[in-house]
$ cat final.txt   # compact mmCIF, C-alpha atoms
# COMPACT_ATOMS: atom_id res chain seq x y z
CA MET A 1109 0.00 0.00 0.00
CA ILE A 1110 2.74 2.47 1.03
CA TYR A 1111 4.96 0.99 -1.67
CA GLU A 1112 2.23 1.58 -4.27
CA LEU A 1113 1.94 5.17 -3.11
CA LEU A 1114 5.71 5.67 -3.32
CA LEU A 1115 5.67 4.48 -6.92
CA LYS A 1116 3.38 7.34 -7.90
CA PRO A 1117 4.74 10.77 -8.84
CA MET A 1118 4.60 13.29 -6.00
CA PRO A 1119 2.15 16.11 -6.78
CA TRP A 1120 3.45 19.70 -6.71
CA TYR A 1121 1.30 20.66 -3.73
CA ILE A 1122 3.10 18.09 -1.59
CA ALA A 1123 6.61 18.47 -3.01
CA GLY A 1124 6.61 22.30 -2.91
CA PRO A 1125 5.74 22.69 0.78
CA LEU A 1126 8.23 19.94 1.72
CA ILE A 1127 10.96 21.71 -0.25
CA GLY A 1128 9.96 25.00 1.39
CA LEU A 1129 10.29 23.40 4.83
CA THR A 1130 13.98 22.87 4.09
CA VAL A 1131 14.55 26.61 4.66
CA PRO A 1132 13.38 26.85 8.31
CA LEU A 1133 14.54 23.28 9.02
CA LEU A 1134 18.17 24.00 8.11
CA LEU A 1135 18.05 27.24 10.08
CA ILE A 1136 16.83 25.41 13.16
CA VAL A 1137 19.00 22.29 13.00
CA GLY A 1138 22.21 24.00 11.98
CA ASN A 1139 21.76 27.77 11.59
CA LYS A 1140 22.39 27.33 7.87
CA THR A 1141 20.91 29.38 5.05
CA PHE A 1142 19.70 26.92 2.42
CA GLY A 1143 21.51 26.91 -0.90
CA ILE A 1144 23.17 24.37 -3.14
CA SER A 1145 25.40 26.08 -5.68
CA SER A 1146 27.87 27.15 -2.93
CA SER A 1147 29.00 23.52 -2.99
CA PHE A 1148 30.65 24.28 -6.37
CA GLN A 1149 32.67 27.06 -4.78
CA HIS A 1150 33.85 24.79 -1.96
CA ILE A 1151 34.92 22.05 -4.39
CA CYS A 1152 36.94 24.66 -6.32
CA ALA A 1153 38.39 26.17 -3.14
CA SER A 1154 39.71 22.74 -2.15
CA VAL A 1155 42.05 22.72 -5.15
CA MET A 1156 42.46 26.32 -6.37
CA PRO A 1157 45.28 28.64 -5.24
CA LYS A 1158 44.44 30.96 -2.34
CA LYS A 1159 45.78 34.01 -4.20
CA PHE A 1160 42.25 34.43 -5.59
CA PRO A 1161 40.09 35.93 -2.82
CA TYR A 1162 37.13 33.78 -3.93
CA PHE A 1163 38.98 30.63 -2.86
CA ASN A 1164 40.78 32.11 0.14
CA TYR A 1165 38.77 30.75 3.07
CA ASN A 1166 38.59 27.57 5.09
CA TRP A 1167 36.56 25.54 2.59
CA TRP A 1168 36.22 22.52 4.86
CA GLU A 1169 35.14 24.48 7.94
CA ASP A 1170 32.70 26.73 6.06
CA GLY A 1171 31.69 24.32 3.34
CA LYS A 1172 31.48 20.94 5.00
CA TRP A 1173 27.73 21.21 5.55
CA HIS A 1174 27.08 22.16 1.89
CA LEU A 1175 29.13 19.19 0.74
CA GLN A 1176 27.28 16.87 3.13
CA LEU A 1177 23.97 18.23 1.86
CA SER A 1178 25.08 17.60 -1.75
CA LEU A 1179 26.20 14.07 -0.93
CA GLY A 1180 22.82 13.53 0.71
CA ILE A 1181 21.05 14.71 -2.44
CA VAL A 1182 22.97 12.14 -4.50
CA LEU A 1183 21.96 9.44 -1.97
CA GLY A 1184 18.36 10.69 -2.05
CA GLY A 1185 18.49 10.13 -5.81
CA VAL A 1186 19.74 6.57 -5.27
CA LEU A 1187 16.86 5.94 -2.87
CA ALA A 1188 14.22 7.51 -5.12
CA ALA A 1189 15.36 5.39 -8.06
CA LEU A 1190 14.09 2.33 -6.18
CA PHE A 1191 10.59 3.76 -6.48
CA ILE A 1192 10.63 4.65 -10.16
CA PRO A 1193 8.69 2.07 -12.18
CA GLU A 1194 10.02 0.61 -15.42
CA ASN A 1195 9.11 2.54 -18.58
CA TYR A 1196 8.32 5.66 -16.60
CA VAL A 1197 6.67 8.40 -18.62
CA ILE A 1198 6.03 11.87 -17.20
CA ASP A 1199 2.51 13.19 -17.69
CA LEU A 1200 3.53 16.32 -19.62
CA SER A 1201 1.11 18.84 -21.04
CA ALA A 1202 0.03 18.08 -24.59
CA ASP A 1203 1.40 21.42 -25.81
CA THR A 1204 4.87 20.64 -24.46
CA VAL A 1205 4.80 17.20 -26.03
CA ALA A 1206 3.90 18.74 -29.39
CA THR A 1207 6.65 21.38 -29.09
CA LEU A 1208 9.32 18.81 -28.16
CA GLN A 1209 8.25 16.46 -30.96
CA GLY A 1210 8.44 19.44 -33.30
CA MET A 1211 12.09 19.82 -32.29
CA GLY A 1212 12.69 16.24 -33.41
CA LEU A 1213 12.58 14.50 -30.03
CA THR A 1214 10.68 11.25 -30.44
CA ASN A 1215 11.42 9.45 -27.18
CA LEU A 1216 9.84 11.35 -24.27
CA SER A 1217 10.07 8.52 -21.74
CA GLY A 1218 12.11 8.66 -18.54
CA PHE A 1219 13.28 11.87 -16.89
CA VAL A 1220 15.43 13.21 -19.70
CA PRO A 1221 15.49 12.74 -23.49
CA VAL A 1222 17.85 9.86 -24.30
CA GLU A 1223 18.44 11.45 -27.69
CA ILE A 1224 20.37 14.24 -25.94
CA PHE A 1225 21.64 12.73 -22.71
CA THR A 1226 23.88 9.90 -23.88
CA TRP A 1227 27.66 9.53 -23.64
CA SER A 1228 28.07 9.15 -27.39
CA ASN A 1229 26.47 12.55 -27.84
CA LEU A 1230 29.59 14.12 -26.32
CA ALA A 1231 31.20 13.64 -29.71
CA SER A 1232 28.61 15.92 -31.36
CA ILE A 1233 28.32 19.69 -31.32
CA PRO A 1234 24.76 19.71 -29.89
CA GLY A 1235 25.88 17.29 -27.17
CA VAL A 1236 28.83 19.48 -26.19
CA LEU A 1237 26.74 22.66 -26.27
CA ILE A 1238 24.08 21.20 -23.99
CA LEU A 1239 26.12 19.04 -21.63
CA VAL A 1240 29.39 20.96 -21.37
CA VAL A 1241 28.57 24.58 -22.21
CA GLY A 1242 25.21 24.32 -20.44
CA GLY A 1243 26.86 22.86 -17.35
CA PHE A 1244 29.55 25.53 -17.39
CA LEU A 1245 26.89 28.26 -17.52
CA ILE A 1246 25.11 26.71 -14.53
CA GLY A 1247 28.26 26.91 -12.41
CA PHE A 1248 29.52 30.25 -13.70
CA GLY A 1249 26.09 31.90 -13.62
CA THR A 1250 25.00 30.69 -10.18
CA ARG A 1251 28.28 31.73 -8.58
CA TYR A 1252 28.26 35.07 -10.40
CA ALA A 1253 24.69 35.64 -9.17
CA GLY A 1254 25.51 34.23 -5.72
CA GLY A 1255 22.78 31.59 -5.74
CA CYS A 1256 20.65 29.20 -7.76
CA THR A 1257 17.05 28.04 -7.61
CA SER A 1258 17.40 27.03 -3.95
CA GLY A 1259 19.42 29.99 -2.70
CA HIS A 1260 17.69 32.74 -4.68
CA ALA A 1261 14.31 31.48 -5.98
CA ILE A 1262 13.35 29.71 -2.76
CA THR A 1263 15.40 31.01 0.20
CA GLY A 1264 15.93 34.54 -1.15
CA MET A 1265 12.33 35.02 -2.23
CA ALA A 1266 11.04 33.52 1.04
CA THR A 1267 13.10 36.07 2.94
CA LEU A 1268 11.95 38.89 0.63
CA GLN A 1269 15.32 39.92 -0.75
CA LYS A 1270 15.42 42.31 -3.68
CA ALA A 1271 18.63 40.70 -4.94
CA SER A 1272 16.86 37.36 -5.31
CA LEU A 1273 13.91 38.82 -7.17
CA ILE A 1274 16.34 40.37 -9.69
CA ALA A 1275 18.24 37.08 -9.95
CA VAL A 1276 15.05 35.09 -10.57
CA ILE A 1277 14.02 37.50 -13.32
CA GLY A 1278 17.48 36.86 -14.78
CA PHE A 1279 16.95 33.08 -14.53
CA PHE A 1280 13.81 33.42 -16.63
CA VAL A 1281 15.37 35.79 -19.17
CA GLY A 1282 18.13 33.24 -19.77
CA GLY A 1283 15.80 30.25 -19.64
CA ILE A 1284 13.37 31.71 -22.14
CA ILE A 1285 16.21 32.55 -24.56
CA SER A 1286 17.47 28.96 -24.33
CA THR A 1287 14.06 27.35 -24.64
CA TYR A 1288 12.70 29.45 -27.49
CA LEU A 1289 15.89 30.24 -29.44
CA LEU A 1290 18.94 28.19 -28.53
CA LEU A 1291 17.48 24.69 -28.07
CA PRO A 1292 15.41 24.66 -31.28
CA THR A 1293 18.51 25.87 -33.17
CA ILE A 1294 20.90 23.41 -31.50
CA LEU A 1295 18.58 20.43 -31.98
CA ASN A 1296 18.08 21.20 -35.65
CA MET B 1212 25.02 13.66 9.64
CA ARG B 1213 21.92 15.88 9.92
CA PHE B 1214 22.86 17.61 6.65
CA ILE B 1215 23.27 14.29 4.87
CA ILE B 1216 19.80 13.27 6.08
CA ALA B 1217 18.32 16.60 4.98
CA GLY B 1218 19.99 16.08 1.60
CA ILE B 1219 18.58 12.55 1.25
CA ALA B 1220 15.04 13.83 1.90
CA PHE B 1221 15.55 16.73 -0.48
CA GLY B 1222 17.02 14.57 -3.26
CA PHE B 1223 14.24 12.02 -2.88
CA ILE B 1224 11.57 14.73 -3.24
CA LEU B 1225 13.34 16.30 -6.25
CA ILE B 1226 13.17 12.99 -8.11
CA LYS B 1227 9.70 11.87 -7.05
CA SER B 1228 8.16 15.26 -7.89
CA GLU B 1229 9.85 15.13 -11.34
CA VAL B 1230 11.39 18.59 -10.96
CA VAL B 1231 14.72 17.03 -11.96
CA SER B 1232 13.25 16.30 -15.38
CA TRP B 1233 14.52 18.13 -18.47
CA PHE B 1234 10.99 17.73 -19.83
CA ARG B 1235 9.46 19.49 -16.83
CA ILE B 1236 11.93 22.38 -17.18
CA GLN B 1237 11.02 22.84 -20.84
CA GLU B 1238 7.34 22.71 -19.89
CA MET B 1239 7.98 25.44 -17.31
CA PHE B 1240 9.79 27.78 -19.71
CA LEU B 1241 7.11 27.10 -22.33
CA PHE B 1242 4.50 28.13 -19.70
CA ASP B 1243 2.48 25.00 -20.45
CA SER B 1244 1.85 23.64 -16.96
CA ILE B 1245 1.44 24.72 -13.36
CA HIS B 1246 3.69 21.90 -12.09
CA MET B 1247 7.03 23.70 -11.64
CA TYR B 1248 5.40 27.00 -10.67
CA GLY B 1249 3.32 25.14 -8.10
CA VAL B 1250 6.42 23.50 -6.60
CA ILE B 1251 8.50 26.68 -6.48
CA GLY B 1252 5.60 28.93 -5.46
CA SER B 1253 4.39 26.75 -2.60
CA ALA B 1254 8.01 26.22 -1.48
CA ILE B 1255 8.47 29.99 -1.27
CA LEU B 1256 5.22 30.37 0.65
CA VAL B 1257 6.13 27.70 3.22
CA GLY B 1258 9.67 29.08 3.49
CA LEU B 1259 8.25 32.57 4.02
CA ILE B 1260 5.90 31.42 6.78
CA GLY B 1261 8.65 29.33 8.40
CA THR B 1262 11.19 32.16 8.49
CA MET B 1263 8.54 34.63 9.69
CA LEU B 1264 7.68 32.31 12.60
CA ILE B 1265 11.38 31.99 13.45
CA LYS B 1266 11.70 35.78 13.56
CA ARG B 1267 8.36 36.40 15.28
CA PHE B 1268 9.06 33.98 18.13
CA ASN B 1269 12.78 34.67 18.11
CA LEU B 1270 13.46 30.94 17.87
CA LYS B 1271 16.94 29.58 18.57
CA ASP B 1272 18.72 26.82 16.69
CA THR B 1273 19.15 23.39 18.28
CA SER B 1274 22.47 24.51 19.86
CA GLY B 1275 20.66 27.45 21.48
CA ASN B 1276 22.18 30.13 19.22
CA GLU B 1277 20.43 33.13 17.70
CA ILE B 1278 19.24 32.17 14.19
CA ASN B 1279 20.99 34.19 11.58
CA ILE B 1280 19.74 34.21 7.97
CA LYS B 1281 22.66 35.06 5.70
CA PRO B 1282 21.40 37.97 3.58
CA LYS B 1283 22.25 38.50 -0.09
CA ASP B 1284 23.99 41.77 -0.96
CA ASN B 1285 20.95 43.86 -1.87
CA THR B 1286 23.03 46.92 -2.83
CA LEU B 1287 24.20 45.27 -6.07
CA THR B 1288 22.18 44.69 -9.23
CA ARG B 1289 24.38 43.80 -12.18
CA ARG B 1290 25.69 40.52 -10.81
CA TYR B 1291 22.13 39.27 -10.35
CA ILE B 1292 20.98 40.28 -13.81
CA ILE B 1293 24.05 39.02 -15.68
CA GLY B 1294 24.85 36.00 -13.51
CA GLY B 1295 21.18 35.09 -13.21
CA SER B 1296 20.64 35.22 -16.99
CA LEU B 1297 23.75 33.13 -17.68
CA PHE B 1298 22.52 30.53 -15.20
CA GLY B 1299 19.08 30.64 -16.82
CA LEU B 1300 20.63 29.85 -20.22
CA GLY B 1301 22.34 26.80 -18.73
CA TRP B 1302 19.31 25.76 -16.67
CA ALA B 1303 17.09 25.40 -19.74
CA LEU B 1304 19.80 23.72 -21.86
CA VAL B 1305 20.71 21.08 -19.27
CA GLY B 1306 17.18 21.00 -17.84
CA ALA B 1307 18.57 20.90 -14.31
CA CYS B 1308 19.74 23.32 -11.67
CA PRO B 1309 22.43 22.39 -9.13
CA GLY B 1310 20.28 20.28 -6.76
CA PRO B 1311 18.83 18.15 -9.56
CA LEU B 1312 22.32 17.62 -11.05
CA TYR B 1313 23.30 15.79 -7.87
CA ALA B 1314 19.97 13.94 -7.60
CA LEU B 1315 20.03 12.76 -11.23
CA ILE B 1316 23.51 11.30 -10.82
CA GLY B 1317 22.30 9.39 -7.77
CA SER B 1318 19.24 8.10 -9.56
CA GLY B 1319 21.39 6.53 -12.23
CA TYR B 1320 21.65 9.18 -14.94
CA LEU B 1321 25.44 9.12 -14.76
CA ILE B 1322 25.77 11.30 -17.86
CA PHE B 1323 24.97 14.26 -15.57
CA ILE B 1324 28.50 13.91 -14.16
CA VAL B 1325 29.52 15.83 -17.30
CA PRO B 1326 27.43 18.98 -16.65
CA LEU B 1327 28.32 18.73 -12.94
CA ILE B 1328 32.05 18.80 -13.68
CA ALA B 1329 31.46 21.59 -16.21
CA ALA B 1330 29.54 23.52 -13.54
CA VAL B 1331 32.41 23.17 -11.06
CA VAL B 1332 34.80 24.41 -13.76
CA GLY B 1333 32.37 27.29 -14.39
CA ALA B 1334 32.38 28.18 -10.71
CA GLY B 1335 36.18 28.08 -10.69
CA THR B 1336 36.30 30.32 -13.75
CA TYR B 1337 34.07 32.81 -11.99
CA GLY B 1338 36.37 32.74 -8.95
CA VAL B 1339 39.39 33.52 -11.12
CA LEU B 1340 37.67 36.30 -13.08
CA GLN B 1341 35.71 37.74 -10.14
CA SER B 1342 37.71 40.96 -9.76
CA LYS B 1343 37.37 41.73 -13.50
CA LEU B 1344 33.61 41.22 -13.76
CA PRO B 1345 30.96 43.92 -13.17
CA HIS B 1346 29.02 43.33 -9.95

$ encode --input "final.txt" --output "structure tokens"
Amino acid sequence: MIYELLLKPMPWYIAGPLIGLTVPLLLIVGNKTFGISSSFQHICASVMPKKFPYFNYNWWEDGKWHLQLSLGIVLGGVLAALFIPENYVIDLSADTVATLQGMGLTNLSGFVPVEIFTWSNLASIPGVLILVVGGFLIGFGTRYAGGCTSGHAITGMATLQKASLIAVIGFFVGGIISTYLLLPTILN
Amino acid sequence: MRFIIAGIAFGFILIKSEVVSWFRIQEMFLFDSIHMYGVIGSAILVGLIGTMLIKRFNLKDTSGNEINIKPKDNTLTRRYIIGGSLFGLGWALVGACPGPLYALIGSGYLIFIVPLIAAVVGAGTYGVLQSKLPH
């Protein structure tokens, strides 16, 4: 019965509040302001020379909790995978399905399109643009902006910070450019 | 240990609610479904109520210390517009933000190690260029 329930997708009105609870929970259990992209900075600081002020701090002392949180997220993914049925298909809106098919994606099963997210695709220009350049922009952009979806869109907005509102508007400016212009071009 | 446990719960929810999905991110930027907006919006609302209660009742953390929410630097603008837009470009291409990158790797989509490494390199590049960039 519980197992059956766990196999089902979690609706937004349950997932959202649980994710939101992370903000006060981390404040109470550890006096930590929720955010994930800082983990990238700590990983860099562990190997980069201290002559750059951005890496000149005690990465283990300050960053240990972020790295533990990140490790936990990986483990949470391992756990969740046990409750993902075979041949999982996300119940996307019909309009999105039509748009994606129009871009030449035929297999919409699983969590990500296998036509893009495969190792062999790293030998192609679209694969490099999406996986490598896209990944680079995630790290560069979040650290430039000082936060990602968790630090700005959730924590920053929940604490009513102007900086985070501006950052989130930026997220959407970039996201809309990628979705409407870059991806259709890259995939063609 | 408590942060690992918090991470496990968070990662589990990210996968089960499908917000780690490239398809869901496209659907969000195409404005075709309430799903992602519902997740982020209700998360903000609960986070807002939670932090307000902490302030209102002057709650302490479990070690008995004053709770201190690290503020963003609200005097700056350019870094949020430029950095935020660059992240947005990457977010829609990869279909994942930093949390989902970690969760997807755990759930077996090992290919996401590539954008994760690229993201760490991106963060390092920012650290090196920081003093030369407008903020």

$ interface_residues --input "final.txt" --of "chain A" --to "chain B" --cutoff "6 Å" --atoms "only C-alpha atoms" --output "VMD selection string"
chain A and resid 1117 to 1118 1120 1124 to 1125 1127 to 1129 1131 to 1132 1136 to 1137 1139 1141 1145 1148 1152 1162 1176 to 1177 1180 to 1186 1188 to 1189 1204 1219 to 1220 1238 to 1240 1242 to 1253 1262 1266 1271 1274 to 1275 1278 to 1284 1286

$ atom_distance --input "final.txt" --atom1 "CA of Pro1119 (chain A)" --atom2 "CA of Gly1259 (chain A)"
22.5 Å

$ atom_distance --input "final.txt" --atom1 "CA of Leu1208 (chain A)" --atom2 "CA of Pro1292 (chain A)"
9.0 Å

$ axis_aligned_box --input "final.txt" --around "region 1269-1274 of chain B" --padding-each-side "5 Å" --output "lines of an AutoDock Vina configuration file"
center_x = 17.6
center_y = 29.0
center_z = 18.3
size_x = 19.7
size_y = 21.3
size_z = 13.2

$ atom_distance --input "final.txt" --atom1 "CA of Asn1195 (chain A)" --atom2 "CA of Lys1116 (chain A)"
13.0 Å

$ residues_around --input "final.txt" --residues "Phe1163 (chain A)" --least-positions-apart "5" --cutoff "7 Å" --atoms "only C-alpha atoms" --output "number ranges by chain"
A: 1153, 1156, 1158; B: 1338

$ residues_around --input "final.txt" --residues "Asn1296 (chain A)" --least-positions-apart "3" --cutoff "9 Å" --atoms "only C-alpha atoms" --output "ChimeraX atom specification"
/A:1211-1212,1234,1291-1293
